[in-house]
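Asks: input31.txt is the file, holding compact mmCIF, C-alpha atoms and all ligand atoms:
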# COMPACT_ATOMS: atom_id res chain seq x y z
CA MET A 1 -11.45 46.05 54.61
CA ARG A 2 -9.73 43.15 56.31
CA SER A 3 -6.68 43.80 58.42
CA ILE A 4 -3.13 43.56 57.07
CA HIS A 5 -2.64 40.66 59.44
CA ASP A 6 -5.59 38.74 57.91
CA ASN A 7 -4.50 39.60 54.36
CA LEU A 8 -0.98 38.33 55.03
CA GLN A 9 -2.38 35.11 56.42
CA ALA A 10 -4.63 34.65 53.38
CA VAL A 11 -1.72 35.25 50.99
CA ARG A 12 0.48 32.84 52.91
CA GLN A 13 -2.30 30.24 52.61
CA ARG A 14 -2.46 30.78 48.83
CA ILE A 15 1.32 30.33 48.62
CA ASP A 16 1.22 27.16 50.71
CA ALA A 17 -1.64 25.68 48.69
CA ALA A 18 0.05 26.50 45.36
CA ALA A 19 3.34 24.98 46.52
CA LYS A 20 1.68 21.80 47.75
CA ALA A 21 -0.32 21.48 44.52
CA ALA A 22 2.99 21.65 42.65
CA GLY A 23 4.60 19.07 44.94
CA ARG A 24 6.90 21.71 46.42
CA ASP A 25 7.84 22.60 49.99
CA PRO A 26 5.94 25.83 50.88
CA GLY A 27 9.01 26.91 52.82
CA GLU A 28 10.84 27.34 49.48
CA VAL A 29 8.69 30.37 48.57
CA VAL A 30 9.52 33.72 50.18
CA LEU A 31 6.81 36.38 50.39
CA LEU A 32 7.91 39.91 49.53
CA ALA A 33 5.32 42.51 50.59
CA VAL A 34 5.16 45.30 47.99
CA SER A 35 4.34 48.47 49.89
CA LYS A 36 4.66 51.08 47.11
CA THR A 37 2.19 54.00 47.48
CA HIS A 38 1.18 52.76 50.97
CA PRO A 39 2.25 54.65 54.09
CA ALA A 40 4.89 53.54 56.60
CA VAL A 41 2.18 52.86 59.19
CA LEU A 42 0.94 49.95 57.05
CA VAL A 43 4.48 48.63 56.63
CA GLU A 44 4.75 48.72 60.42
CA GLN A 45 1.47 46.81 60.76
CA ALA A 46 2.76 44.14 58.39
CA ARG A 47 6.05 43.96 60.29
CA ALA A 48 4.16 43.54 63.56
CA ALA A 49 2.27 40.67 61.91
CA GLY A 50 5.57 38.93 61.21
CA GLN A 51 6.36 40.10 57.65
CA ARG A 52 10.10 40.67 57.15
CA SER A 53 10.76 41.57 53.49
CA PHE A 54 9.34 44.64 51.73
CA GLY A 55 9.55 45.80 48.12
CA GLU A 56 9.48 49.38 46.88
CA ASN A 57 9.59 50.79 43.33
CA TYR A 58 10.62 54.39 43.94
CA VAL A 59 13.81 55.27 45.79
CA GLN A 60 12.66 58.50 47.43
CA GLU A 61 9.41 56.98 48.66
CA ALA A 62 11.30 54.00 50.08
CA LEU A 63 13.77 56.22 51.97
CA GLU A 64 10.92 57.98 53.76
CA LYS A 65 9.55 54.65 54.97
CA MET A 66 12.98 53.36 55.98
CA ASP A 67 13.42 56.45 58.14
CA ALA A 68 10.02 55.87 59.77
CA LEU A 69 10.81 52.29 60.81
CA ALA A 70 13.34 51.10 63.37
CA PRO A 71 16.75 50.55 61.71
CA GLY A 72 17.23 46.92 60.68
CA ALA A 73 13.63 46.03 61.57
CA VAL A 74 12.87 44.78 58.07
CA GLU A 75 14.64 43.94 54.80
CA TRP A 76 14.20 46.32 51.84
CA HIS A 77 14.14 45.28 48.18
CA LEU A 78 14.23 47.72 45.27
CA ILE A 79 11.95 46.29 42.57
CA GLY A 80 11.57 49.36 40.31
CA PRO A 81 13.91 50.71 37.64
CA LEU A 82 17.22 52.07 38.93
CA GLN A 83 18.98 54.97 37.22
CA SER A 84 22.70 55.39 37.65
CA ASN A 85 22.32 58.74 39.47
CA LYS A 86 20.51 56.93 42.34
CA THR A 87 22.98 54.10 42.90
CA ARG A 88 24.82 55.62 45.87
CA VAL A 89 21.81 55.88 48.15
CA VAL A 90 20.49 52.53 46.97
CA ALA A 91 23.83 50.84 47.70
CA ALA A 92 23.78 52.36 51.19
CA ARG A 93 20.18 51.72 52.18
CA PHE A 94 18.75 48.66 50.44
CA ASP A 95 19.36 44.97 51.16
CA TRP A 96 18.38 43.73 47.69
CA VAL A 97 18.10 45.17 44.18
CA GLN A 98 15.84 42.97 42.03
CA SER A 99 15.78 45.19 38.96
CA LEU A 100 19.43 45.08 37.92
CA ASP A 101 19.74 45.14 34.14
CA SER A 102 23.00 46.93 33.35
CA GLU A 103 26.67 46.31 33.99
CA LYS A 104 27.27 50.03 34.52
CA VAL A 105 24.72 50.20 37.33
CA ALA A 106 26.11 46.96 38.80
CA ARG A 107 29.65 48.40 38.91
CA ARG A 108 28.46 51.54 40.60
CA LEU A 109 26.44 49.63 43.20
CA SER A 110 29.47 47.48 44.03
CA GLU A 111 31.84 50.45 44.24
CA GLN A 112 29.38 52.42 46.36
CA ARG A 113 28.32 49.69 48.76
CA PRO A 114 29.61 51.00 52.10
CA ALA A 115 32.39 49.05 53.80
CA GLY A 116 31.06 47.12 56.75
CA LEU A 117 27.76 46.19 55.11
CA ALA A 118 27.17 42.69 53.77
CA PRO A 119 27.30 42.44 49.97
CA LEU A 120 24.17 43.82 48.27
CA ASN A 121 21.93 40.99 47.08
CA VAL A 122 20.99 41.38 43.43
CA LEU A 123 18.69 39.75 40.91
CA LEU A 124 18.97 40.27 37.17
CA GLN A 125 15.69 41.45 35.67
CA VAL A 126 14.88 39.46 32.55
CA ASN A 127 12.61 40.83 29.86
CA VAL A 128 10.86 37.82 28.40
CA SER A 129 9.35 38.71 25.05
CA GLY A 130 6.14 40.71 25.33
CA GLU A 131 6.67 41.85 28.88
CA ALA A 132 4.65 44.88 29.91
CA SER A 133 7.78 46.47 31.39
CA LYS A 134 10.40 47.88 29.05
CA ASN A 135 13.09 47.17 31.61
CA GLY A 136 15.26 44.11 31.92
CA VAL A 137 17.79 42.29 29.78
CA ALA A 138 16.89 39.98 26.92
CA PRO A 139 17.18 36.27 27.80
CA ARG A 140 20.11 35.77 25.42
CA GLU A 141 22.08 38.52 27.21
CA VAL A 142 21.50 37.33 30.77
CA ALA A 143 24.47 34.95 31.01
CA ALA A 144 26.95 37.64 29.91
CA LEU A 145 25.59 40.11 32.47
CA ALA A 146 25.65 37.42 35.17
CA THR A 147 29.32 36.74 34.40
CA ALA A 148 30.17 40.43 34.80
CA VAL A 149 28.10 40.85 37.97
CA ARG A 150 29.51 37.74 39.60
CA ALA A 151 32.97 39.31 39.48
CA LEU A 152 31.92 42.35 41.53
CA ARG A 153 33.01 41.92 45.11
CA ASN A 154 30.31 43.89 46.92
CA LEU A 155 27.38 42.31 45.09
CA ARG A 156 25.93 38.88 45.72
CA LEU A 157 24.17 37.56 42.63
CA ARG A 158 21.18 35.52 43.82
CA GLY A 159 19.13 34.87 40.68
CA LEU A 160 16.56 36.27 38.28
CA MET A 161 13.46 38.46 38.44
CA ALA A 162 10.75 39.01 35.83
CA ILE A 163 7.34 40.63 35.38
CA PRO A 164 5.31 38.59 32.88
CA GLU A 165 2.59 40.79 31.39
CA PRO A 166 -0.96 40.29 32.74
CA GLY A 167 -2.52 37.27 31.11
CA ALA A 168 0.79 35.91 29.86
CA GLY A 169 0.50 32.26 28.93
CA ARG A 170 2.09 29.51 30.94
CA ALA A 171 4.83 29.20 28.30
CA ARG A 172 6.29 32.55 29.39
CA TYR A 173 6.74 31.30 32.94
CA ARG A 174 8.22 28.06 31.70
CA GLU A 175 10.74 29.98 29.59
CA LEU A 176 11.92 31.78 32.75
CA ARG A 177 12.04 28.59 34.74
CA GLU A 178 14.21 26.95 32.06
CA LEU A 179 16.56 29.93 31.83
CA TYR A 180 16.90 29.93 35.63
CA GLY A 181 17.45 26.16 35.62
CA ARG A 182 20.22 26.42 33.02
CA MET A 183 22.08 29.08 35.03
CA LYS A 184 21.36 27.96 38.59
CA ASN A 185 24.31 25.67 39.20
CA GLU A 186 26.91 27.68 37.32
CA PHE A 187 26.06 30.92 39.14
CA GLY A 188 24.89 29.52 42.46
CA PHE A 189 21.39 30.97 42.12
CA ASP A 190 18.83 30.45 44.87
CA THR A 191 16.14 32.99 43.91
CA LEU A 192 13.63 33.13 41.05
CA SER A 193 11.39 36.16 41.68
CA ILE A 194 8.16 35.88 39.69
CA GLY A 195 4.50 36.15 40.67
CA MET A 196 2.33 38.98 42.01
CA SER A 197 -1.20 39.21 43.50
CA ASP A 198 -2.90 37.88 40.39
CA ASP A 199 -0.45 35.27 39.12
CA MET A 200 1.32 33.83 42.16
CA GLU A 201 -0.23 30.38 41.68
CA THR A 202 1.04 30.10 38.11
CA ALA A 203 4.46 31.41 39.12
CA ILE A 204 4.79 28.96 42.01
CA ALA A 205 3.72 26.08 39.77
CA GLU A 206 6.59 27.11 37.48
CA GLY A 207 9.24 27.21 40.17
CA SER A 208 9.10 30.72 41.67
CA THR A 209 10.99 31.02 44.97
CA MET A 210 9.86 34.60 45.71
CA VAL A 211 6.49 36.20 45.04
CA ARG A 212 6.10 40.00 45.15
CA VAL A 213 2.64 40.80 46.45
CA GLY A 214 1.14 44.26 46.90
CA THR A 215 -2.62 44.53 46.34
CA ALA A 216 -3.57 41.27 48.07
CA ILE A 217 -1.83 42.48 51.25
CA PHE A 218 -2.32 46.25 51.32
CA GLY A 219 -5.41 46.71 49.12
CA ALA A 220 -5.72 48.77 45.95
CA ARG A 221 -3.15 51.49 45.34
CA GLN A 222 -4.55 55.03 45.41
CA LYS A 223 -2.61 56.27 42.42
CA VAL A 224 0.53 55.45 40.55
CA ARG A 225 3.38 57.74 41.49
CA PRO A 226 5.59 59.12 38.75
CA ALA A 227 8.82 57.21 38.23
CA ALA A 228 11.41 58.57 40.70
C1 LIG B 301 3.71 46.78 42.02
C2 LIG B 301 4.57 45.60 41.77
C3 LIG B 301 4.27 44.34 42.33
C4 LIG B 301 3.02 44.05 43.15
O1 LIG B 301 1.90 43.96 42.31
P1 LIG B 301 0.45 43.54 42.88
O2 LIG B 301 -0.30 43.20 41.66
O3 LIG B 301 -0.10 44.73 43.59
O4 LIG B 301 0.63 42.37 43.78
C5 LIG B 301 5.18 43.31 42.11
N1 LIG B 301 6.31 43.49 41.38
C6 LIG B 301 6.61 44.67 40.83
C7 LIG B 301 7.86 44.81 40.04
C8 LIG B 301 5.75 45.76 41.00
O5 LIG B 301 6.05 46.92 40.42
Go ahead and render the structure in this file as structure tokens.
Ligand SMILES: *Cc1c(COP(=O)(O)O)cnc(C)c1O

Replies:
Amino acid sequence: MRSIHDNLQAVRQRIDAAAKAAGRDPGEVVLLAVSKTHPAVLVEQARAAGQRSFGENYVQEALEKMDALAPGAVEWHLIGPLQSNKTRVVAARFDWVQSLDSEKVARRLSEQRPAGLAPLNVLLQVNVSGEASKNGVAPREVAALATAVRALRNLRLRGLMAIPEPGAGRARYRELRELYGRMKNEFGFDTLSIGMSDDMETAIAEGSTMVRVGTAIFGARQKVRPAA
């Protein structure tokens, strides 16, 4: 298997090529390395190769890796479902929550964000019709949730996240791009998080500003862990 360093370079080249093909500045697209199921030693290898942002789906698994790395060495994004009984530790330990889909969870995260930390960056997860994931808010409910979240002082609403199902047609991505475009100015969005190992080119062509890439960086996952 190729090294993490080489894989990161290859992914970065795919991002750059896709951005250029779409007439976009490659610097507009952030790479989030999705390290779920992979050990902290691989996260450390990616960090040493210059990767700064990491995504995890399960809170407990993420905490173990955070403890294994130097404090503040990297930025941690929660990209998996968040239940309200886990908000306190998430508010204390993560830099971003990309999977926000409820006002109740948003209120708890804001109340529980420790004083002295910067506001928690959040994305609203949108469930475009037919998405494989059952999580996320329906497109017609996103603006109302954004209005509520914007009012919370310890959260910083940055944009939208979505997980189009494998093989989703281009129209699904365009729907997200248009929703993001309609809300961007009003809410001050700067982040549209769509695209994974298999669909990053399509996502970037449709305006993604953050791709979440696991397999193409770390290789195949051994097994899927149960939802934490
Ligand atoms: C696992 C996961 C990814 C990464 O998927 P790959 O296909 O391995 O690149 C991205 N986003 C979310 C929400 C995930 O759960």

Asks: Of the candidates A:Tyr58, A:Trp76, A:Phe94, A:Tyr173, which shows the shortest atom-to-atom distance to Gln112 (chain A), using all atoms listed in the file?

Replies: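 Ranking A:Tyr58, A:Trp76, A:Phe94, A:Tyr173 by distance to Gln112 (chain A), first place goes to A:Phe94.
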
Asks: How would you report the residues lying within 9 Å of ligand LIG 301 (chain B), as a PyMOL selection string, if you count all atoms listed in the file?

Replies: chain A and resi 32-36+55-57+78-81+98-99+133+161-163+193-200+211-221

Asks: Pick out the closest residue to Ala138 (chain A) from this set: A:Arg150, A:Gly167, A:Ala92, A:Ser102. Count only C-alpha atoms.

Replies: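 For Ala138 (chain A), the nearest of the given residues is A:Ser102.
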
Asks: Which residue out of A:Val90, A:Ala171, A:Leu157, A:Leu179 has the minimum interatomic distance to Leu63 (chain A) when only C-alpha atoms are used?

Replies: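 Selected residue with least distance to Leu63 (chain A): A:Val90.
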
Asks: Could you name the residues that touch Phe189 (chain A) at 8 Å or less, counting all atoms listed in the file, but leaving out those on the same chain fewer than 2 positions away, as a PyMOL selection string?

Replies: chain A and resi 157-159+180+183-185+187+191

Asks: Any idea what's packed within 10 Å of Glu64 (chain A), counting all atoms listed in the file, ignoring anything in its chain fewer than 5 positions away? Could you give it as an NGL selection string?

Replies: :A and (39-40 or 59 or 69)

Asks: Might you pull out every residue within 6 Å of Leu124 (chain A), with all atoms listed in the file counted and same-chain residues fewer than 3 positions away left off, and present them as a PDB file with C-alpha atoms, in the frame of the given file?

Replies:
ATOM      1  CA  LEU A 100      19.430  45.080  37.920  1.00  0.00           C
ATOM      2  CA  ASP A 101      19.740  45.140  34.140  1.00  0.00           C
ATOM      3  CA  LEU A 160      16.560  36.270  38.280  1.00  0.00           C
ATOM      4  CA  MET A 161      13.460  38.460  38.440  1.00  0.00           C
TER       5      MET A 161
END

Asks: Do you know which residues lie at most 9 Å from (18.4, 39.0, 51.4), with coordinates as in the file and all atoms listed in the file counted, and could you write them as a ChimeraX atom specification?

Replies: /A:53,75-77,95-96,120-122,158

Asks: Which of these residues is nearest to Ala70 (chain A), using all atoms listed in the file: A:Ala48, A:Ala91, A:Ala115, A:Ile4?

Replies: A:Ala48

Asks: Out of A:Lys20, A:Lys86, A:Arg182, A:Arg177, which residue has the shortest atom-to-atom distance to Ala203 (chain A) when counting all atoms listed in the file?

Replies: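 Among the listed residues, A:Arg177 lies closest to Ala203 (chain A).
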
Asks: How many Å lie between CA of Glu103 (chain A) and CA of Arg153 (chain A), rounded to one decimal?

Replies: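 Between CA of Glu103 (chain A) and CA of Arg153 (chain A) the gap is 13.5 Å.
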
Asks: CA of Val105 (chain A) and CA of Arg140 (chain A) are how many Å apart?

Replies: 19.3 Å

Asks: Name the closest residue to Glu206 (chain A) among the candidates A:Val128, A:Leu42, A:Val11, A:Ala21; distances are taken between atoms, counting all atoms listed in the file.

Replies: A:Ala21

Asks: What's around Gly136 (chain A) at 6 Å? Count only C-alpha atoms, leave out sequence neighbours fewer than 2 positions away in its own chain, and write the answer as number ranges by chain.

Replies: A: 101, 125-127

Asks: By how many Å are CA of Gln83 (chain A) and CA of Arg156 (chain A) apart?

Replies: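 Here the two named atoms are 19.5 Å from each other.
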
Asks: Please provide as a PDB file with C-alpha atoms, in the coordinates of the input all residues within 10 Å of Asp16 (chain A), with the sequence filter that same-chain residues fewer than 2 positions apart are discarded (counting only C-alpha atoms).

Replies:
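part.pdb, freshly written:
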ATOM      1  CA  ALA A  10      -4.630  34.650  53.380  1.00  0.00           C
ATOM      2  CA  VAL A  11      -1.720  35.250  50.990  1.00  0.00           C
ATOM      3  CA  ARG A  12       0.480  32.840  52.910  1.00  0.00           C
ATOM      4  CA  GLN A  13      -2.300  30.240  52.610  1.00  0.00           C
ATOM      5  CA  ARG A  14      -2.460  30.780  48.830  1.00  0.00           C
ATOM      6  CA  ALA A  18       0.050  26.500  45.360  1.00  0.00           C
ATOM      7  CA  ALA A  19       3.340  24.980  46.520  1.00  0.00           C
ATOM      8  CA  LYS A  20       1.680  21.800  47.750  1.00  0.00           C
ATOM      9  CA  ALA A  21      -0.320  21.480  44.520  1.00  0.00           C
ATOM     10  CA  ALA A  22       2.990  21.650  42.650  1.00  0.00           C
ATOM     11  CA  ARG A  24       6.900  21.710  46.420  1.00  0.00           C
ATOM     12  CA  ASP A  25       7.840  22.600  49.990  1.00  0.00           C
ATOM     13  CA  PRO A  26       5.940  25.830  50.880  1.00  0.00           C
ATOM     14  CA  GLY A  27       9.010  26.910  52.820  1.00  0.00           C
ATOM     15  CA  GLU A  28      10.840  27.340  49.480  1.00  0.00           C
ATOM     16  CA  VAL A  29       8.690  30.370  48.570  1.00  0.00           C
ATOM     17  CA  GLU A 201      -0.230  30.380  41.680  1.00  0.00           C
ATOM     18  CA  ILE A 204       4.790  28.960  42.010  1.00  0.00           C
TER      19      ILE A 204
END

Asks: With 3 Å on each side, where is the centre of the axis-aligned box around all listed atoms of region 135-141 of chain A, and how long are its edges in Å to one decimal, as AutoDock Vina command-line options?

Replies:
--center_x 17.6 --center_y 41.5 --center_z 28.7 --size_x 15.0 --size_y 17.4 --size_z 12.5

Asks: What does region 183-224 of chain A look like written to a file with N, CA and C atoms, as a PDB file, in the first residue's frame?

Replies:
ATOM      1  N   MET A 183     -28.828  30.790   0.535  1.00  0.00           N
ATOM      2  CA  MET A 183     -28.671  31.143   1.955  1.00  0.00           C
ATOM      3  C   MET A 183     -27.349  31.861   2.257  1.00  0.00           C
ATOM      4  N   LYS A 184     -26.393  31.711   1.375  1.00  0.00           N
ATOM      5  CA  LYS A 184     -25.008  32.124   1.638  1.00  0.00           C
ATOM      6  C   LYS A 184     -24.890  33.556   2.173  1.00  0.00           C
ATOM      7  N   ASN A 185     -25.457  34.489   1.437  1.00  0.00           N
ATOM      8  CA  ASN A 185     -25.291  35.892   1.847  1.00  0.00           C
ATOM      9  C   ASN A 185     -26.029  36.205   3.135  1.00  0.00           C
ATOM     10  N   GLU A 186     -27.276  35.737   3.229  1.00  0.00           N
ATOM     11  CA  GLU A 186     -28.071  36.057   4.410  1.00  0.00           C
ATOM     12  C   GLU A 186     -27.416  35.542   5.690  1.00  0.00           C
ATOM     13  N   PHE A 187     -26.838  34.333   5.619  1.00  0.00           N
ATOM     14  CA  PHE A 187     -26.291  33.722   6.831  1.00  0.00           C
ATOM     15  C   PHE A 187     -24.771  33.789   6.926  1.00  0.00           C
ATOM     16  N   GLY A 188     -24.143  34.391   5.938  1.00  0.00           N
ATOM     17  CA  GLY A 188     -22.687  34.512   5.979  1.00  0.00           C
ATOM     18  C   GLY A 188     -21.961  33.181   5.847  1.00  0.00           C
ATOM     19  N   PHE A 189     -22.530  32.275   5.066  1.00  0.00           N
ATOM     20  CA  PHE A 189     -21.906  30.955   4.883  1.00  0.00           C
ATOM     21  C   PHE A 189     -20.579  31.058   4.136  1.00  0.00           C
ATOM     22  N   ASP A 190     -19.642  30.186   4.512  1.00  0.00           N
ATOM     23  CA  ASP A 190     -18.423  30.028   3.707  1.00  0.00           C
ATOM     24  C   ASP A 190     -18.074  28.564   3.445  1.00  0.00           C
ATOM     25  N   THR A 191     -18.933  27.630   3.880  1.00  0.00           N
ATOM     26  CA  THR A 191     -18.575  26.213   3.750  1.00  0.00           C
ATOM     27  C   THR A 191     -19.738  25.370   3.226  1.00  0.00           C
ATOM     28  N   LEU A 192     -19.484  24.687   2.109  1.00  0.00           N
ATOM     29  CA  LEU A 192     -20.407  23.680   1.592  1.00  0.00           C
ATOM     30  C   LEU A 192     -19.641  22.361   1.581  1.00  0.00           C
ATOM     31  N   SER A 193     -19.984  21.461   2.516  1.00  0.00           N
ATOM     32  CA  SER A 193     -19.250  20.207   2.706  1.00  0.00           C
ATOM     33  C   SER A 193     -19.959  19.072   1.989  1.00  0.00           C
ATOM     34  N   ILE A 194     -19.522  18.799   0.766  1.00  0.00           N
ATOM     35  CA  ILE A 194     -20.007  17.619   0.026  1.00  0.00           C
ATOM     36  C   ILE A 194     -18.831  17.017  -0.739  1.00  0.00           C
ATOM     37  N   GLY A 195     -18.895  15.696  -0.943  1.00  0.00           N
ATOM     38  CA  GLY A 195     -17.859  14.993  -1.692  1.00  0.00           C
ATOM     39  C   GLY A 195     -17.033  14.104  -0.790  1.00  0.00           C
ATOM     40  N   MET A 196     -16.835  12.854  -1.229  1.00  0.00           N
ATOM     41  CA  MET A 196     -16.049  11.866  -0.490  1.00  0.00           C
ATOM     42  C   MET A 196     -15.067  11.232  -1.493  1.00  0.00           C
ATOM     43  N   SER A 197     -14.478  10.083  -1.141  1.00  0.00           N
ATOM     44  CA  SER A 197     -13.460   9.480  -2.023  1.00  0.00           C
ATOM     45  C   SER A 197     -13.974   9.281  -3.444  1.00  0.00           C
ATOM     46  N   ASP A 198     -15.228   8.832  -3.568  1.00  0.00           N
ATOM     47  CA  ASP A 198     -15.717   8.442  -4.889  1.00  0.00           C
ATOM     48  C   ASP A 198     -16.406   9.554  -5.673  1.00  0.00           C
ATOM     49  N   ASP A 199     -16.779  10.628  -5.008  1.00  0.00           N
ATOM     50  CA  ASP A 199     -17.561  11.641  -5.738  1.00  0.00           C
ATOM     51  C   ASP A 199     -16.995  13.048  -5.585  1.00  0.00           C
ATOM     52  N   MET A 200     -15.732  13.171  -5.185  1.00  0.00           N
ATOM     53  CA  MET A 200     -15.222  14.523  -4.942  1.00  0.00           C
ATOM     54  C   MET A 200     -15.192  15.374  -6.210  1.00  0.00           C
ATOM     55  N   GLU A 201     -14.964  14.753  -7.382  1.00  0.00           N
ATOM     56  CA  GLU A 201     -14.915  15.550  -8.609  1.00  0.00           C
ATOM     57  C   GLU A 201     -16.283  16.174  -8.909  1.00  0.00           C
ATOM     58  N   THR A 202     -17.327  15.359  -8.787  1.00  0.00           N
ATOM     59  CA  THR A 202     -18.682  15.883  -9.020  1.00  0.00           C
ATOM     60  C   THR A 202     -19.002  16.994  -8.027  1.00  0.00           C
ATOM     61  N   ALA A 203     -18.669  16.754  -6.761  1.00  0.00           N
ATOM     62  CA  ALA A 203     -18.986  17.728  -5.713  1.00  0.00           C
ATOM     63  C   ALA A 203     -18.261  19.052  -5.958  1.00  0.00           C
ATOM     64  N   ILE A 204     -17.000  18.964  -6.346  1.00  0.00           N
ATOM     65  CA  ILE A 204     -16.222  20.192  -6.585  1.00  0.00           C
ATOM     66  C   ILE A 204     -16.767  20.928  -7.809  1.00  0.00           C
ATOM     67  N   ALA A 205     -17.170  20.168  -8.826  1.00  0.00           N
ATOM     68  CA  ALA A 205     -17.775  20.807 -10.002  1.00  0.00           C
ATOM     69  C   ALA A 205     -19.048  21.548  -9.621  1.00  0.00           C
ATOM     70  N   GLU A 206     -19.721  21.083  -8.564  1.00  0.00           N
ATOM     71  CA  GLU A 206     -20.964  21.723  -8.125  1.00  0.00           C
ATOM     72  C   GLU A 206     -20.756  22.607  -6.899  1.00  0.00           C
ATOM     73  N   GLY A 207     -19.549  23.089  -6.709  1.00  0.00           N
ATOM     74  CA  GLY A 207     -19.349  24.160  -5.743  1.00  0.00           C
ATOM     75  C   GLY A 207     -18.916  23.764  -4.344  1.00  0.00           C
ATOM     76  N   SER A 208     -18.578  22.491  -4.118  1.00  0.00           N
ATOM     77  CA  SER A 208     -18.128  22.098  -2.772  1.00  0.00           C
ATOM     78  C   SER A 208     -16.910  22.912  -2.346  1.00  0.00           C
ATOM     79  N   THR A 209     -16.889  23.304  -1.069  1.00  0.00           N
ATOM     80  CA  THR A 209     -15.699  23.990  -0.530  1.00  0.00           C
ATOM     81  C   THR A 209     -14.988  23.124   0.503  1.00  0.00           C
ATOM     82  N   MET A 210     -15.529  21.914   0.773  1.00  0.00           N
ATOM     83  CA  MET A 210     -14.852  20.996   1.699  1.00  0.00           C
ATOM     84  C   MET A 210     -15.205  19.566   1.313  1.00  0.00           C
ATOM     85  N   VAL A 211     -14.185  18.773   1.010  1.00  0.00           N
ATOM     86  CA  VAL A 211     -14.436  17.362   0.717  1.00  0.00           C
ATOM     87  C   VAL A 211     -13.965  16.528   1.899  1.00  0.00           C
ATOM     88  N   ARG A 212     -14.737  15.488   2.217  1.00  0.00           N
ATOM     89  CA  ARG A 212     -14.455  14.622   3.377  1.00  0.00           C
ATOM     90  C   ARG A 212     -13.979  13.275   2.842  1.00  0.00           C
ATOM     91  N   VAL A 213     -12.689  13.002   2.971  1.00  0.00           N
ATOM     92  CA  VAL A 213     -12.103  11.872   2.264  1.00  0.00           C
ATOM     93  C   VAL A 213     -11.458  10.893   3.248  1.00  0.00           C
ATOM     94  N   GLY A 214     -11.950   9.656   3.236  1.00  0.00           N
ATOM     95  CA  GLY A 214     -11.396   8.624   4.101  1.00  0.00           C
ATOM     96  C   GLY A 214     -10.579   7.599   3.321  1.00  0.00           C
ATOM     97  N   THR A 215     -11.283   6.740   2.578  1.00  0.00           N
ATOM     98  CA  THR A 215     -10.665   5.595   1.911  1.00  0.00           C
ATOM     99  C   THR A 215      -9.479   5.982   1.023  1.00  0.00           C
ATOM    100  N   ALA A 216      -9.582   7.041   0.268  1.00  0.00           N
ATOM    101  CA  ALA A 216      -8.504   7.411  -0.663  1.00  0.00           C
ATOM    102  C   ALA A 216      -7.247   7.864   0.074  1.00  0.00           C
ATOM    103  N   ILE A 217      -7.369   8.181   1.365  1.00  0.00           N
ATOM    104  CA  ILE A 217      -6.193   8.578   2.151  1.00  0.00           C
ATOM    105  C   ILE A 217      -5.685   7.412   2.999  1.00  0.00           C
ATOM    106  N   PHE A 218      -6.614   6.768   3.720  1.00  0.00           N
ATOM    107  CA  PHE A 218      -6.210   5.773   4.727  1.00  0.00           C
ATOM    108  C   PHE A 218      -6.392   4.324   4.261  1.00  0.00           C
ATOM    109  N   GLY A 219      -6.960   4.106   3.089  1.00  0.00           N
ATOM    110  CA  GLY A 219      -7.243   2.754   2.630  1.00  0.00           C
ATOM    111  C   GLY A 219      -8.603   2.279   3.126  1.00  0.00           C
ATOM    112  N   ALA A 220      -8.933   1.039   2.799  1.00  0.00           N
ATOM    113  CA  ALA A 220     -10.250   0.493   3.148  1.00  0.00           C
ATOM    114  C   ALA A 220     -10.394   0.395   4.662  1.00  0.00           C
ATOM    115  N   ARG A 221     -11.615   0.613   5.143  1.00  0.00           N
ATOM    116  CA  ARG A 221     -11.880   0.451   6.576  1.00  0.00           C
ATOM    117  C   ARG A 221     -12.048  -1.025   6.896  1.00  0.00           C
ATOM    118  N   GLN A 222     -11.519  -1.447   8.037  1.00  0.00           N
ATOM    119  CA  GLN A 222     -11.567  -2.856   8.429  1.00  0.00           C
ATOM    120  C   GLN A 222     -13.006  -3.307   8.633  1.00  0.00           C
ATOM    121  N   LYS A 223     -13.736  -2.556   9.426  1.00  0.00           N
ATOM    122  CA  LYS A 223     -15.114  -2.913   9.708  1.00  0.00           C
ATOM    123  C   LYS A 223     -15.817  -1.655  10.162  1.00  0.00           C
ATOM    124  N   VAL A 224     -17.120  -1.663  10.039  1.00  0.00           N
ATOM    125  CA  VAL A 224     -17.883  -0.511  10.469  1.00  0.00           C
ATOM    126  C   VAL A 224     -18.186  -0.664  11.954  1.00  0.00           C
TER     127      VAL A 224
END
